[in-house]
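Next up, entry.cif (mmCIF, C-alpha atoms):
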```cif
data_input
loop_
_atom_site.label_atom_id
_atom_site.label_comp_id
_atom_site.auth_asym_id
_atom_site.auth_seq_id
_atom_site.Cartn_x
_atom_site.Cartn_y
_atom_site.Cartn_z
CA MET A 1 -36.99 10.58 7.10
CA LYS A 2 -33.92 12.14 8.72
CA HIS A 3 -35.37 12.57 12.18
CA LYS A 4 -37.78 9.67 12.05
CA VAL A 5 -35.02 7.04 11.77
CA LEU A 6 -33.37 8.28 14.94
CA GLU A 7 -36.64 8.85 16.79
CA ASP A 8 -37.95 5.39 15.93
CA LEU A 9 -34.75 3.80 17.25
CA ILE A 10 -34.76 5.81 20.48
CA ASN A 11 -38.49 5.15 21.02
CA LYS A 12 -37.89 1.44 20.31
CA GLU A 13 -40.34 1.53 17.44
CA SER A 14 -37.66 0.15 15.09
CA LYS A 15 -34.54 -1.95 15.55
CA LEU A 16 -30.82 -1.76 14.88
CA ALA A 17 -29.05 -4.94 13.77
CA VAL A 18 -25.38 -5.82 14.06
CA ILE A 19 -24.29 -8.32 11.41
CA GLY A 20 -21.30 -10.35 12.62
CA LEU A 21 -20.83 -10.83 16.37
CA GLY A 22 -17.09 -11.28 16.75
CA TYR A 23 -14.71 -9.26 18.91
CA VAL A 24 -15.92 -6.06 17.18
CA GLY A 25 -19.61 -6.72 16.56
CA LEU A 26 -20.67 -8.12 19.93
CA PRO A 27 -19.48 -5.18 22.09
CA ILE A 28 -21.16 -2.73 19.67
CA ALA A 29 -24.42 -4.71 19.74
CA LEU A 30 -24.47 -4.87 23.54
CA GLU A 31 -23.73 -1.16 23.97
CA PHE A 32 -26.53 -0.17 21.60
CA ALA A 33 -28.82 -2.68 23.36
CA ARG A 34 -28.52 -0.67 26.59
CA HIS A 35 -30.39 2.15 24.85
CA ILE A 36 -32.37 0.77 21.88
CA LYS A 37 -33.77 -2.51 20.52
CA VAL A 38 -31.05 -4.60 18.85
CA VAL A 39 -30.89 -7.76 16.78
CA GLY A 40 -27.52 -9.50 16.95
CA PHE A 41 -27.07 -11.62 13.82
CA ASP A 42 -24.34 -14.18 13.16
CA ILE A 43 -24.26 -17.04 10.65
CA ASN A 44 -22.57 -19.32 13.22
CA LYS A 45 -25.44 -20.96 15.12
CA GLU A 46 -23.15 -22.33 17.84
CA ARG A 47 -21.88 -18.84 18.62
CA VAL A 48 -25.45 -17.53 18.68
CA GLU A 49 -26.44 -20.20 21.23
CA MET A 50 -23.46 -19.25 23.41
CA MET A 51 -24.48 -15.57 23.35
CA LYS A 52 -28.03 -16.48 24.29
CA ARG A 53 -26.46 -17.98 27.43
CA ASN A 54 -24.58 -14.69 28.07
CA GLU A 55 -21.28 -16.20 26.92
CA ASP A 56 -18.85 -14.32 24.67
CA PRO A 57 -17.32 -16.78 22.16
CA SER A 58 -14.30 -14.43 21.85
CA GLN A 59 -13.80 -14.57 25.65
CA GLU A 60 -13.44 -10.80 25.82
CA LEU A 61 -16.60 -9.93 27.76
CA GLU A 62 -17.89 -11.12 31.13
CA ALA A 63 -21.45 -12.46 31.52
CA SER A 64 -22.35 -9.17 33.25
CA ALA A 65 -21.85 -7.31 29.92
CA PHE A 66 -25.04 -8.98 28.65
CA GLU A 67 -27.19 -7.78 31.57
CA GLY A 68 -29.74 -5.03 31.01
CA CYS A 69 -29.55 -5.36 27.22
CA ASP A 70 -32.58 -5.34 24.91
CA ILE A 71 -31.08 -7.74 22.37
CA GLU A 72 -32.20 -10.75 20.36
CA PHE A 73 -29.43 -13.08 19.15
CA THR A 74 -30.24 -14.97 15.97
CA ALA A 75 -28.93 -16.76 12.89
CA ASN A 76 -32.36 -16.52 11.23
CA LEU A 77 -32.72 -14.09 8.31
CA ASP A 78 -36.44 -13.56 9.06
CA ASP A 79 -35.52 -11.82 12.33
CA LEU A 80 -33.92 -8.99 10.33
CA LYS A 81 -37.04 -8.04 8.38
CA ASP A 82 -38.19 -5.30 10.77
CA VAL A 83 -34.72 -3.76 11.19
CA GLN A 84 -34.19 -0.22 9.91
CA PHE A 85 -30.50 0.40 10.72
CA PHE A 86 -27.83 -2.24 9.91
CA VAL A 87 -24.24 -2.25 11.21
CA VAL A 88 -21.94 -4.70 9.39
CA ALA A 89 -18.96 -5.81 11.50
CA VAL A 90 -17.63 -8.96 9.85
CA PRO A 91 -13.90 -9.81 9.53
CA THR A 92 -11.91 -8.83 6.45
CA PRO A 93 -8.97 -11.27 6.36
CA ILE A 94 -6.37 -11.97 3.68
CA ASP A 95 -5.89 -15.24 1.80
CA GLU A 96 -2.75 -17.36 1.51
CA TYR A 97 -1.42 -15.00 -1.17
CA ASN A 98 -1.93 -11.91 1.04
CA ALA A 99 -4.82 -10.73 -1.15
CA PRO A 100 -8.01 -9.33 0.43
CA ASP A 101 -10.58 -12.01 1.21
CA LEU A 102 -13.91 -10.20 0.89
CA ARG A 103 -16.08 -13.31 1.21
CA PRO A 104 -17.39 -12.50 4.73
CA LEU A 105 -18.14 -8.91 3.64
CA ILE A 106 -19.86 -10.03 0.43
CA GLY A 107 -21.85 -12.62 2.42
CA ALA A 108 -22.95 -10.01 4.95
CA SER A 109 -23.98 -7.63 2.15
CA LYS A 110 -26.08 -10.40 0.60
CA THR A 111 -27.72 -11.04 3.96
CA VAL A 112 -28.64 -7.37 4.38
CA GLY A 113 -29.65 -7.02 0.71
CA GLN A 114 -32.31 -9.72 1.11
CA VAL A 115 -34.11 -7.83 3.91
CA LEU A 116 -33.35 -4.21 2.95
CA LYS A 117 -36.39 -1.88 2.76
CA LYS A 118 -37.00 1.64 1.51
CA GLY A 119 -35.65 4.16 4.06
CA ASP A 120 -33.16 1.74 5.68
CA TYR A 121 -29.57 2.54 6.62
CA VAL A 122 -26.50 0.28 6.26
CA VAL A 123 -23.22 1.20 7.96
CA TYR A 124 -20.05 -0.84 7.39
CA GLU A 125 -17.41 -1.11 10.13
CA SER A 126 -15.15 -3.75 8.55
CA THR A 127 -11.67 -2.57 7.53
CA VAL A 128 -11.46 -2.30 3.74
CA TYR A 129 -9.54 -0.47 1.01
CA PRO A 130 -10.91 2.94 -0.02
CA GLY A 131 -13.78 2.47 -2.45
CA CYS A 132 -14.78 -1.01 -1.31
CA THR A 133 -18.04 0.02 0.38
CA GLU A 134 -19.39 1.84 -2.68
CA ASP A 135 -17.80 -0.31 -5.41
CA ASP A 136 -18.16 -3.82 -3.96
CA CYS A 137 -20.91 -3.73 -1.32
CA VAL A 138 -23.51 -1.22 -2.56
CA PRO A 139 -24.13 -3.03 -5.92
CA ILE A 140 -24.97 -6.21 -3.98
CA LEU A 141 -27.42 -4.31 -1.77
CA GLU A 142 -29.05 -2.77 -4.86
CA GLU A 143 -29.25 -6.03 -6.78
CA LEU A 144 -30.77 -8.15 -4.02
CA SER A 145 -33.15 -5.50 -2.66
CA GLY A 146 -34.25 -4.05 -5.99
CA LEU A 147 -33.78 -0.63 -4.40
CA LYS A 148 -31.75 2.36 -5.58
CA PHE A 149 -28.74 3.59 -3.58
CA ILE A 150 -29.24 7.03 -1.96
CA ASP A 151 -32.79 7.42 -3.34
CA ASP A 152 -34.19 4.39 -1.49
CA PHE A 153 -31.57 3.48 1.13
CA LYS A 154 -28.51 5.14 2.68
CA VAL A 155 -25.05 3.73 3.29
CA GLY A 156 -22.23 4.89 5.56
CA TYR A 157 -18.87 3.77 6.84
CA SER A 158 -17.60 4.02 10.41
CA PRO A 159 -14.40 2.07 11.04
CA GLU A 160 -14.08 -0.03 14.16
CA ARG A 161 -11.35 1.00 16.59
CA ILE A 162 -11.65 -1.74 19.20
CA ASN A 163 -8.34 -2.94 20.65
CA PRO A 164 -8.60 -6.63 21.72
CA GLY A 165 -7.74 -7.15 25.37
CA ASP A 166 -7.87 -3.40 26.11
CA LYS A 167 -10.37 -2.74 28.93
CA GLU A 168 -9.74 1.01 28.86
CA HIS A 169 -10.21 1.98 25.18
CA THR A 170 -13.64 0.44 24.72
CA ILE A 171 -16.27 1.28 22.09
CA THR A 172 -17.93 3.95 24.25
CA LYS A 173 -14.63 5.68 25.07
CA ILE A 174 -13.10 6.03 21.59
CA LEU A 175 -13.89 8.96 19.29
CA LYS A 176 -15.78 7.52 16.31
CA VAL A 177 -15.03 8.39 12.70
CA VAL A 178 -18.27 8.39 10.71
CA SER A 179 -19.19 9.01 7.10
CA GLY A 180 -22.28 8.87 4.91
CA CYS A 181 -23.27 8.82 1.27
CA ASP A 182 -24.79 12.31 1.54
CA GLU A 183 -25.33 15.10 4.11
CA GLU A 184 -28.56 13.61 5.40
CA SER A 185 -27.06 10.16 6.03
CA LEU A 186 -23.97 11.67 7.66
CA ASP A 187 -26.20 13.52 10.12
CA VAL A 188 -28.34 10.49 10.98
CA ILE A 189 -25.41 8.07 11.27
CA SER A 190 -23.54 10.53 13.50
CA LYS A 191 -26.53 10.89 15.83
CA VAL A 192 -27.07 7.13 16.03
CA TYR A 193 -23.45 6.53 17.09
CA GLU A 194 -23.62 9.42 19.54
CA ILE A 195 -26.19 7.33 21.44
CA ILE A 196 -23.30 5.19 22.72
CA VAL A 197 -20.01 7.01 21.98
CA GLU A 198 -19.15 9.42 24.81
CA PRO A 199 -16.35 11.46 23.12
CA GLY A 200 -18.58 12.00 20.08
CA VAL A 201 -17.84 11.62 16.38
CA HIS A 202 -15.52 12.95 13.70
CA LYS A 203 -17.44 13.49 10.48
CA ALA A 204 -15.34 12.45 7.49
CA SER A 205 -16.08 14.24 4.22
CA SER A 206 -16.76 11.00 2.33
CA ILE A 207 -16.96 7.23 2.74
CA LYS A 208 -13.61 6.83 0.94
CA VAL A 209 -11.90 9.25 3.35
CA ALA A 210 -13.20 7.26 6.34
CA GLU A 211 -12.07 3.97 4.75
CA ALA A 212 -8.62 5.42 4.07
CA ALA A 213 -8.32 6.86 7.59
CA LYS A 214 -8.85 3.43 9.13
CA ILE A 215 -6.43 1.61 6.88
CA ILE A 216 -3.57 4.06 7.45
CA GLU A 217 -3.95 3.85 11.25
CA ASN A 218 -2.67 0.28 11.15
CA THR A 219 -0.32 0.81 8.19
CA GLN A 220 1.44 3.55 10.15
CA ARG A 221 1.90 1.24 13.16
CA ASP A 222 3.06 -1.57 10.90
CA LEU A 223 5.78 0.58 9.33
CA ASN A 224 6.99 1.95 12.65
CA ILE A 225 7.28 -1.56 14.11
CA ALA A 226 9.03 -2.74 10.92
CA LEU A 227 11.65 -0.02 11.44
CA MET A 228 12.19 -1.22 15.02
CA ASN A 229 12.50 -4.82 13.81
CA GLU A 230 15.05 -3.85 11.18
CA LEU A 231 17.01 -1.85 13.75
CA SER A 232 16.90 -4.90 16.02
CA ILE A 233 18.53 -7.04 13.30
CA ILE A 234 21.24 -4.39 12.80
CA PHE A 235 21.89 -3.89 16.54
CA ASN A 236 22.08 -7.64 17.06
CA ARG A 237 25.00 -7.76 14.62
CA MET A 238 26.61 -4.94 16.57
CA GLY A 239 26.17 -6.80 19.85
CA ILE A 240 24.01 -4.13 21.51
CA ASN A 241 20.56 -4.48 23.08
CA THR A 242 17.77 -2.84 21.06
CA TYR A 243 15.64 -2.10 24.11
CA GLU A 244 18.52 -0.26 25.77
CA VAL A 245 18.97 1.82 22.62
CA LEU A 246 15.25 2.63 22.53
CA GLU A 247 15.25 3.50 26.22
CA ALA A 248 18.06 6.00 25.64
CA ALA A 249 16.50 7.46 22.47
CA GLY A 250 13.12 7.64 24.19
CA THR A 251 14.38 10.31 26.57
CA LYS A 252 13.90 12.84 23.73
CA TRP A 253 10.43 14.38 23.99
CA ASN A 254 9.41 13.76 20.37
CA PHE A 255 10.86 10.26 19.87
CA LEU A 256 8.08 7.85 18.87
CA LYS A 257 7.98 4.90 21.28
CA PHE A 258 7.58 1.80 19.14
CA PHE A 259 9.19 -1.56 19.87
CA PRO A 260 10.28 -4.61 17.86
CA GLY A 261 8.16 -7.74 17.88
CA LEU A 262 5.97 -10.20 16.03
CA VAL A 263 3.26 -8.39 14.09
CA GLY A 264 0.27 -10.67 13.72
CA GLY A 265 -3.44 -10.53 14.38
CA HIS A 266 -6.23 -9.40 12.09
CA CYS A 267 -5.43 -5.67 11.98
CA ILE A 268 -1.83 -4.47 11.80
CA GLY A 269 -0.58 -7.58 10.01
CA VAL A 270 -3.50 -7.59 7.54
CA ASP A 271 -4.76 -4.08 6.77
CA PRO A 272 -1.67 -2.86 4.85
CA TYR A 273 -2.27 -5.63 2.31
CA TYR A 274 -5.69 -4.10 1.53
CA LEU A 275 -4.03 -0.78 0.77
CA LEU A 276 -1.32 -2.50 -1.30
CA HIS A 277 -4.01 -4.34 -3.27
CA LYS A 278 -5.79 -1.09 -4.09
CA ALA A 279 -2.52 0.67 -5.00
CA GLU A 280 -1.57 -2.15 -7.39
CA GLY A 281 -4.98 -1.83 -9.04
CA LEU A 282 -4.21 1.85 -9.60
CA GLY A 283 -0.87 0.99 -11.20
CA TYR A 284 1.31 2.01 -8.26
CA HIS A 285 3.74 -0.31 -6.47
CA ALA A 286 3.93 0.90 -2.87
CA LYS A 287 7.59 0.31 -2.03
CA VAL A 288 7.69 1.52 1.59
CA ILE A 289 4.55 -0.35 2.72
CA ASN A 290 5.70 -3.54 0.95
CA ALA A 291 9.13 -3.31 2.57
CA GLY A 292 7.56 -2.96 6.02
CA ARG A 293 5.35 -5.97 5.44
CA PHE A 294 8.33 -8.04 4.29
CA VAL A 295 10.34 -7.19 7.40
CA ASN A 296 7.50 -7.91 9.81
CA ASP A 297 6.40 -11.11 8.08
CA SER A 298 9.96 -12.48 8.29
CA MET A 299 10.53 -11.89 12.02
CA GLY A 300 9.19 -15.26 13.17
CA ASN A 301 11.72 -17.09 11.00
CA TYR A 302 14.47 -14.68 12.14
CA ILE A 303 13.82 -15.36 15.85
CA ALA A 304 13.88 -19.12 15.33
CA LYS A 305 17.07 -18.97 13.21
CA GLN A 306 18.88 -16.88 15.84
CA THR A 307 17.89 -19.43 18.48
CA VAL A 308 19.02 -22.36 16.33
CA LYS A 309 22.42 -20.72 15.75
CA LYS A 310 22.86 -20.27 19.50
CA ILE A 311 21.95 -23.90 20.23
CA LEU A 312 24.38 -25.10 17.56
CA SER A 313 27.16 -22.91 18.99
CA PHE A 314 27.22 -25.13 22.08
CA GLY A 315 27.87 -28.24 19.99
CA LYS A 316 24.32 -29.53 20.36
CA ASN A 317 22.43 -31.27 17.59
CA ILE A 318 19.42 -29.22 16.56
CA ALA A 319 17.59 -32.33 15.29
CA GLY A 320 15.82 -33.59 18.38
CA ALA A 321 16.66 -30.51 20.46
CA ARG A 322 13.78 -29.64 22.80
CA VAL A 323 12.28 -26.15 22.53
CA LEU A 324 9.50 -24.67 24.65
CA VAL A 325 7.49 -21.80 23.14
CA MET A 326 5.54 -19.82 25.73
CA GLY A 327 2.58 -18.01 24.17
CA ALA A 328 0.70 -18.71 20.94
CA THR A 329 -1.90 -15.93 20.63
CA PHE A 330 -1.34 -12.90 18.40
CA LYS A 331 -0.93 -10.56 21.39
CA GLU A 332 -0.81 -10.60 25.17
CA ASN A 333 -3.78 -11.47 27.40
CA VAL A 334 -6.21 -12.45 24.61
CA SER A 335 -7.41 -15.82 23.33
CA ASP A 336 -7.34 -14.78 19.66
CA ILE A 337 -4.93 -16.87 17.55
CA ARG A 338 -5.84 -15.45 14.13
CA ASN A 339 -2.74 -14.67 12.06
CA SER A 340 -0.46 -15.35 15.03
CA LYS A 341 3.16 -14.98 13.95
CA VAL A 342 4.28 -17.24 16.80
CA VAL A 343 3.28 -20.04 14.43
CA ASP A 344 6.11 -18.94 12.08
CA VAL A 345 8.56 -19.41 14.96
CA ILE A 346 7.18 -22.89 15.70
CA ARG A 347 7.26 -23.99 12.05
CA GLU A 348 10.81 -22.76 11.56
CA PHE A 349 12.01 -24.77 14.58
CA LYS A 350 10.21 -27.83 13.25
CA SER A 351 11.88 -27.40 9.84
CA TYR A 352 15.18 -28.09 11.66
CA SER A 353 13.62 -31.25 13.20
CA ALA A 354 13.58 -29.72 16.68
CA GLU A 355 10.99 -31.05 19.14
CA VAL A 356 8.70 -28.12 19.94
CA GLU A 357 6.24 -27.84 22.80
CA VAL A 358 3.86 -24.89 23.01
CA VAL A 359 1.99 -23.59 26.07
CA ASP A 360 -0.48 -20.74 26.38
CA PRO A 361 -2.90 -19.89 29.23
CA TYR A 362 -5.41 -18.26 26.86
CA ALA A 363 -5.34 -20.11 23.53
CA SER A 364 -7.71 -22.97 22.71
CA ASN A 365 -5.97 -26.23 21.84
CA GLU A 366 -8.88 -27.15 19.56
CA GLU A 367 -8.52 -23.88 17.61
CA MET A 368 -4.72 -24.21 17.39
CA GLU A 369 -5.03 -27.73 15.98
CA GLU A 370 -7.74 -26.75 13.53
CA GLU A 371 -6.05 -23.56 12.31
CA TYR A 372 -2.35 -24.46 12.44
CA HIS A 373 -2.07 -28.21 13.21
CA VAL A 374 -0.23 -27.26 16.40
CA THR A 375 -1.06 -29.10 19.62
CA LEU A 376 -0.73 -27.18 22.87
CA THR A 377 1.03 -28.83 25.81
CA GLU A 378 -0.97 -28.57 29.01
CA LYS A 379 2.08 -28.25 31.26
CA ALA A 380 5.75 -27.69 30.45
CA SER A 381 7.74 -30.78 31.35
CA GLY A 382 11.43 -29.76 30.95
CA LYS A 383 14.32 -30.19 30.20
CA TYR A 384 14.56 -27.83 27.26
CA ASP A 385 17.51 -26.70 25.18
CA ALA A 386 15.74 -23.40 24.55
CA ILE A 387 12.77 -21.53 25.97
CA VAL A 388 11.13 -18.81 23.89
CA VAL A 389 8.84 -16.35 25.69
CA ALA A 390 6.97 -15.27 22.56
CA VAL A 391 3.97 -13.44 24.04
CA ASN A 392 4.16 -11.25 27.13
CA HIS A 393 1.04 -12.56 28.90
CA ASP A 394 0.62 -11.29 32.47
CA GLU A 395 1.21 -14.85 33.69
CA TYR A 396 4.78 -14.71 32.30
CA GLN A 397 5.76 -11.24 33.56
CA ASN A 398 7.16 -12.16 36.97
CA LEU A 399 8.69 -15.61 36.50
CA SER A 400 12.18 -15.90 37.94
CA GLU A 401 15.42 -16.91 36.24
CA ASP A 402 15.59 -19.86 38.63
CA TYR A 403 12.19 -21.03 37.33
CA PHE A 404 13.51 -21.11 33.78
CA LYS A 405 16.85 -22.66 34.79
CA SER A 406 15.02 -25.52 36.48
CA MET A 407 13.48 -26.45 33.14
CA MET A 408 16.57 -26.10 30.96
CA THR A 409 19.54 -28.25 29.97
CA GLU A 410 23.13 -27.07 30.38
CA ASN A 411 23.85 -24.07 28.14
CA GLY A 412 20.13 -23.47 27.77
CA VAL A 413 19.10 -20.60 25.48
CA PHE A 414 16.53 -18.12 26.79
CA VAL A 415 14.72 -16.07 24.12
CA ASP A 416 12.86 -13.01 25.36
CA VAL A 417 11.04 -11.76 22.25
CA LYS A 418 9.47 -8.67 23.84
CA GLY A 419 12.36 -7.81 26.17
CA ILE A 420 10.33 -8.24 29.37
CA TYR A 421 13.24 -9.92 31.18
CA LYS A 422 15.85 -7.33 30.24
CA ASN A 423 18.41 -7.03 33.08
CA LYS A 424 16.76 -9.95 34.93
CA ILE A 425 18.60 -12.85 33.26
CA ASN A 426 22.20 -13.28 34.38
CA SER A 427 23.32 -16.88 33.97
CA LEU A 428 21.24 -18.18 31.05
CA HIS A 429 22.28 -17.48 27.46
CA TYR A 430 19.95 -14.57 26.66
CA ILE A 431 18.56 -13.50 23.27
CA SER A 432 16.13 -10.65 22.68
CA LEU A 433 14.98 -8.61 19.71
#
```
Just dump the structure as structure tokens.
Amino acid sequence: MKHKVLEDLINKESKLAVIGLGYVGLPIALEFARHIKVVGFDINKERVEMMKRNEDPSQELEASAFEGCDIEFTANLDDLKDVQFFVVAVPTPIDEYNAPDLRPLIGASKTVGQVLKKGDYVVYESTVYPGCTEDDCVPILEELSGLKFIDDFKVGYSPERINPGDKEHTITKILKVVSGCDEESLDVISKVYEIIVEPGVHKASSIKVAEAAKIIENTQRDLNIALMNELSIIFNRMGINTYEVLEAAGTKWNFLKFFPGLVGGHCIGVDPYYLLHKAEGLGYHAKVINAGRFVNDSMGNYIAKQTVKKILSFGKNIAGARVLVMGATFKENVSDIRNSKVVDVIREFKSYSAEVEVVDPYASNEEMEEEYHVTLTEKASGKYDAIVVAVNHDEYQNLSEDYFKSMMTENGVFVDVKGIYKNKINSLHYISL
């Protein structure tokens, strides 16, 4: 069975399916489809229709990325019946209480379980806590298929490492961590991914090790950014610029170059909560990780409060003050608004009865209204008491101080969250992290 699975895929005698065609799943499906037969499955029929027209619903890929691909997009379960190798790449968000929301993962496992056959492979890419694949997903596959894990079908875990908006570190260019439920599956899964991954694979000793490796990648980044954010709060009270401090410290060869900012999105701002959830279940309260999450989750409110204080210092009334927020997505140069912490900034301003307008060249107004009840303004209209550059989109990088001054009232407050205008603002009242 070991060699036949790989041979059948390469000879196009069997198919590989990607379950979930978001910003992770679609690029994987298309890359595999340049070499083997692929079924791209998503439960959202509208998204499927868009992909059939060579359109990426996540707006990450050009139409040319679909060319030369042997792929069938579908929302129909019957189209998965002749698939032998399944890759599950659905989102793993958190709920309003910061607890893991495994519903998409459970749903995907049920989908695969209904069509799973003897000799099939299932590889999960979704970020989860260690143990989730074997404890939460495998029992569903067994129950719905009537098959026995390892004896009848194999399971592996290979965490996604796609960086939204990054055109350099793409799926084919990033070393892939892979794992399997036994030696045989590890070998097959490694060889399947080597079809598309140029740097090759790192074979983890177990599924749990691979799950843990993924979750600490983002937890490490989260904690380092939390430290920078906390330092920013301290340096602000000292009256010194954080970015200037980091520039000076960064001249040492082994200083880690992290920067303060809003930590949102569906990775860094989410994954640590999965690890915290698992730790709590094991009877351990993870103090350091929790502290980092608290700091980063509070930065949106902190930025807004600092701005409000500055506006008030000029004798202005904050109720009715006009504020322009530039940028609404979770990071620069992407359309993704999931878990955007800019929304915390907006809501905090509104809690003071300020009038807030939000612009963003990438975000969808429809999605912003549906997700956050925030309406995007098509064009900034001035005059504003404060302007907050919240996301460093390319479109904002080279705007002049005169441009901002033309849109601001007297004693206007300019908030440069990411420090991209450091040393470029001379006459406006400047705030940065």
Taking 5 positions as the minimum chain separation for residues in the same chain, which residues sit within 10 Å of region 171-187 of chain A when counting only C-alpha atoms? Answer as a tab-separated table (two decimals) with C-alpha atoms, in the coordinates of the input.
```
chain	number	residue	atom	x	y	z
A	1	MET	CA	-36.99	10.58	7.10
A	2	LYS	CA	-33.92	12.14	8.72
A	3	HIS	CA	-35.37	12.57	12.18
A	24	VAL	CA	-15.92	-6.06	17.18
A	27	PRO	CA	-19.48	-5.18	22.09
A	28	ILE	CA	-21.16	-2.73	19.67
A	31	GLU	CA	-23.73	-1.16	23.97
A	32	PHE	CA	-26.53	-0.17	21.60
A	121	TYR	CA	-29.57	2.54	6.62
A	122	VAL	CA	-26.50	0.28	6.26
A	123	VAL	CA	-23.22	1.20	7.96
A	124	TYR	CA	-20.05	-0.84	7.39
A	125	GLU	CA	-17.41	-1.11	10.13
A	134	GLU	CA	-19.39	1.84	-2.68
A	149	PHE	CA	-28.74	3.59	-3.58
A	150	ILE	CA	-29.24	7.03	-1.96
A	153	PHE	CA	-31.57	3.48	1.13
A	154	LYS	CA	-28.51	5.14	2.68
A	155	VAL	CA	-25.05	3.73	3.29
A	156	GLY	CA	-22.23	4.89	5.56
A	157	TYR	CA	-18.87	3.77	6.84
A	158	SER	CA	-17.60	4.02	10.41
A	159	PRO	CA	-14.40	2.07	11.04
A	160	GLU	CA	-14.08	-0.03	14.16
A	161	ARG	CA	-11.35	1.00	16.59
A	162	ILE	CA	-11.65	-1.74	19.20
A	163	ASN	CA	-8.34	-2.94	20.65
A	192	VAL	CA	-27.07	7.13	16.03
A	193	TYR	CA	-23.45	6.53	17.09
A	194	GLU	CA	-23.62	9.42	19.54
A	195	ILE	CA	-26.19	7.33	21.44
A	196	ILE	CA	-23.30	5.19	22.72
A	197	VAL	CA	-20.01	7.01	21.98
A	198	GLU	CA	-19.15	9.42	24.81
A	199	PRO	CA	-16.35	11.46	23.12
A	200	GLY	CA	-18.58	12.00	20.08
A	201	VAL	CA	-17.84	11.62	16.38
A	202	HIS	CA	-15.52	12.95	13.70
A	203	LYS	CA	-17.44	13.49	10.48
A	204	ALA	CA	-15.34	12.45	7.49
A	205	SER	CA	-16.08	14.24	4.22
A	206	SER	CA	-16.76	11.00	2.33
A	207	ILE	CA	-16.96	7.23	2.74
A	208	LYS	CA	-13.61	6.83	0.94
A	209	VAL	CA	-11.90	9.25	3.35
A	210	ALA	CA	-13.20	7.26	6.34
A	211	GLU	CA	-12.07	3.97	4.75
A	213	ALA	CA	-8.32	6.86	7.59
A	214	LYS	CA	-8.85	3.43	9.13
```
Have a look at CA of Ser406 (chain A) and CA of Ser340 (chain A) and let me know their distance in Å, one decimal. 28.3 Å
With a distance cut-off of 12 Å and all atoms listed in the file, select the neighbouring residues of Ser364 (chain A), excluding the residue or stretch itself and same-chain residues fewer than 6 positions from it, and output the selection as number ranges by chain. A: 57-59, 327-329, 334-338, 358, 370-372, 374-378
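Note that CA of Ser298 (chain A) and CA of Glu401 (chain A) are 28.8 Å apart.
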Apply the PyMOL selection byres ((chain A and resi 229) around 10) to the structure shown and report the selected residues as a list of chain:residue names.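 Applying the expression gives A:Leu223, A:Asn224, A:Ile225, A:Ala226, A:Leu227, A:Met228, A:Glu230, A:Leu231, A:Ser232, A:Ile233, A:Ile234, A:Phe235, A:Thr242, A:Phe258, A:Phe259, A:Pro260, A:Gly261, A:Leu262, A:Val263, A:Gly292, A:Val295, A:Asn296, A:Ser298, A:Met299, A:Leu433.
In terms of minimum interatomic distance to Ser432 (chain A), A:Val388 ranks closest within A:Met326, A:Val388, A:Leu312, A:Ala319, counting all atoms listed in the file.
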When you count all atoms listed in the file, which of these residues is closest to Ile36 (chain A): A:Leu61, A:Glu7, A:Gly269, A:Ile19?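 Checking each of A:Leu61, A:Glu7, A:Gly269, A:Ile19 against Ile36 (chain A), counting all atoms listed in the file, the winner is A:Glu7.
Applied to this file, the PyMOL selection byres ((chain A and resi 423) around 12) selects Asn241, Tyr243, Glu244, Ser400, Glu401, Asp416, Gly419, Ile420, Tyr421, Lys422, Lys424, Ile425, Asn426, Ser427, Leu428, Tyr430, Ile431 and Ser432 of chain A.
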For the file shown, what are the residues hit by the PyMOL selection byres ((chain A and resi 92) around 7), laid out as a PDB file with C-alpha atoms, in the coordinates of the input?
```pdb
ATOM      1  CA  VAL A  90     -17.630  -8.960   9.850  1.00  0.00           C
ATOM      2  CA  PRO A  91     -13.900  -9.810   9.530  1.00  0.00           C
ATOM      3  CA  PRO A  93      -8.970 -11.270   6.360  1.00  0.00           C
ATOM      4  CA  ILE A  94      -6.370 -11.970   3.680  1.00  0.00           C
ATOM      5  CA  ASP A 101     -10.580 -12.010   1.210  1.00  0.00           C
ATOM      6  CA  LEU A 102     -13.910 -10.200   0.890  1.00  0.00           C
ATOM      7  CA  PRO A 104     -17.390 -12.500   4.730  1.00  0.00           C
ATOM      8  CA  LEU A 105     -18.140  -8.910   3.640  1.00  0.00           C
ATOM      9  CA  SER A 126     -15.150  -3.750   8.550  1.00  0.00           C
ATOM     10  CA  THR A 127     -11.670  -2.570   7.530  1.00  0.00           C
TER      11      THR A 127
END
```
Which residue gives the smallest distance to Met50 (chain A) among A:Pro139, A:Gly68, A:Asp385, A:Leu26, with all atoms listed in the file counted?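 Counting all atoms listed in the file, the residue closest to Met50 (chain A) is A:Leu26.
Remark: for Pro272 (chain A), the closest of the candidate residues A:Glu49, A:Glu62, A:Asp222, A:Asp297 is A:Asp222 (distances computed over all atoms listed in the file).
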Residue with the minimum atom-to-atom distance to Lys405 (chain A), picked from A:Lys148, A:His393, A:His285, A:Lys383 with only C-alpha atoms counted, is A:Lys383
For Cys69 (chain A), find every residue with an atom within 10 Å (counting all atoms listed in the file), except residues of its own chain fewer than 3 positions away, and show them as a list in words.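 Contacts, in chain order: Ala29, Leu30, Glu31, Phe32, Ala33, Arg34, His35, Ile36, Lys37, Val38, Ala65, Phe66 and Glu72 of chain A.
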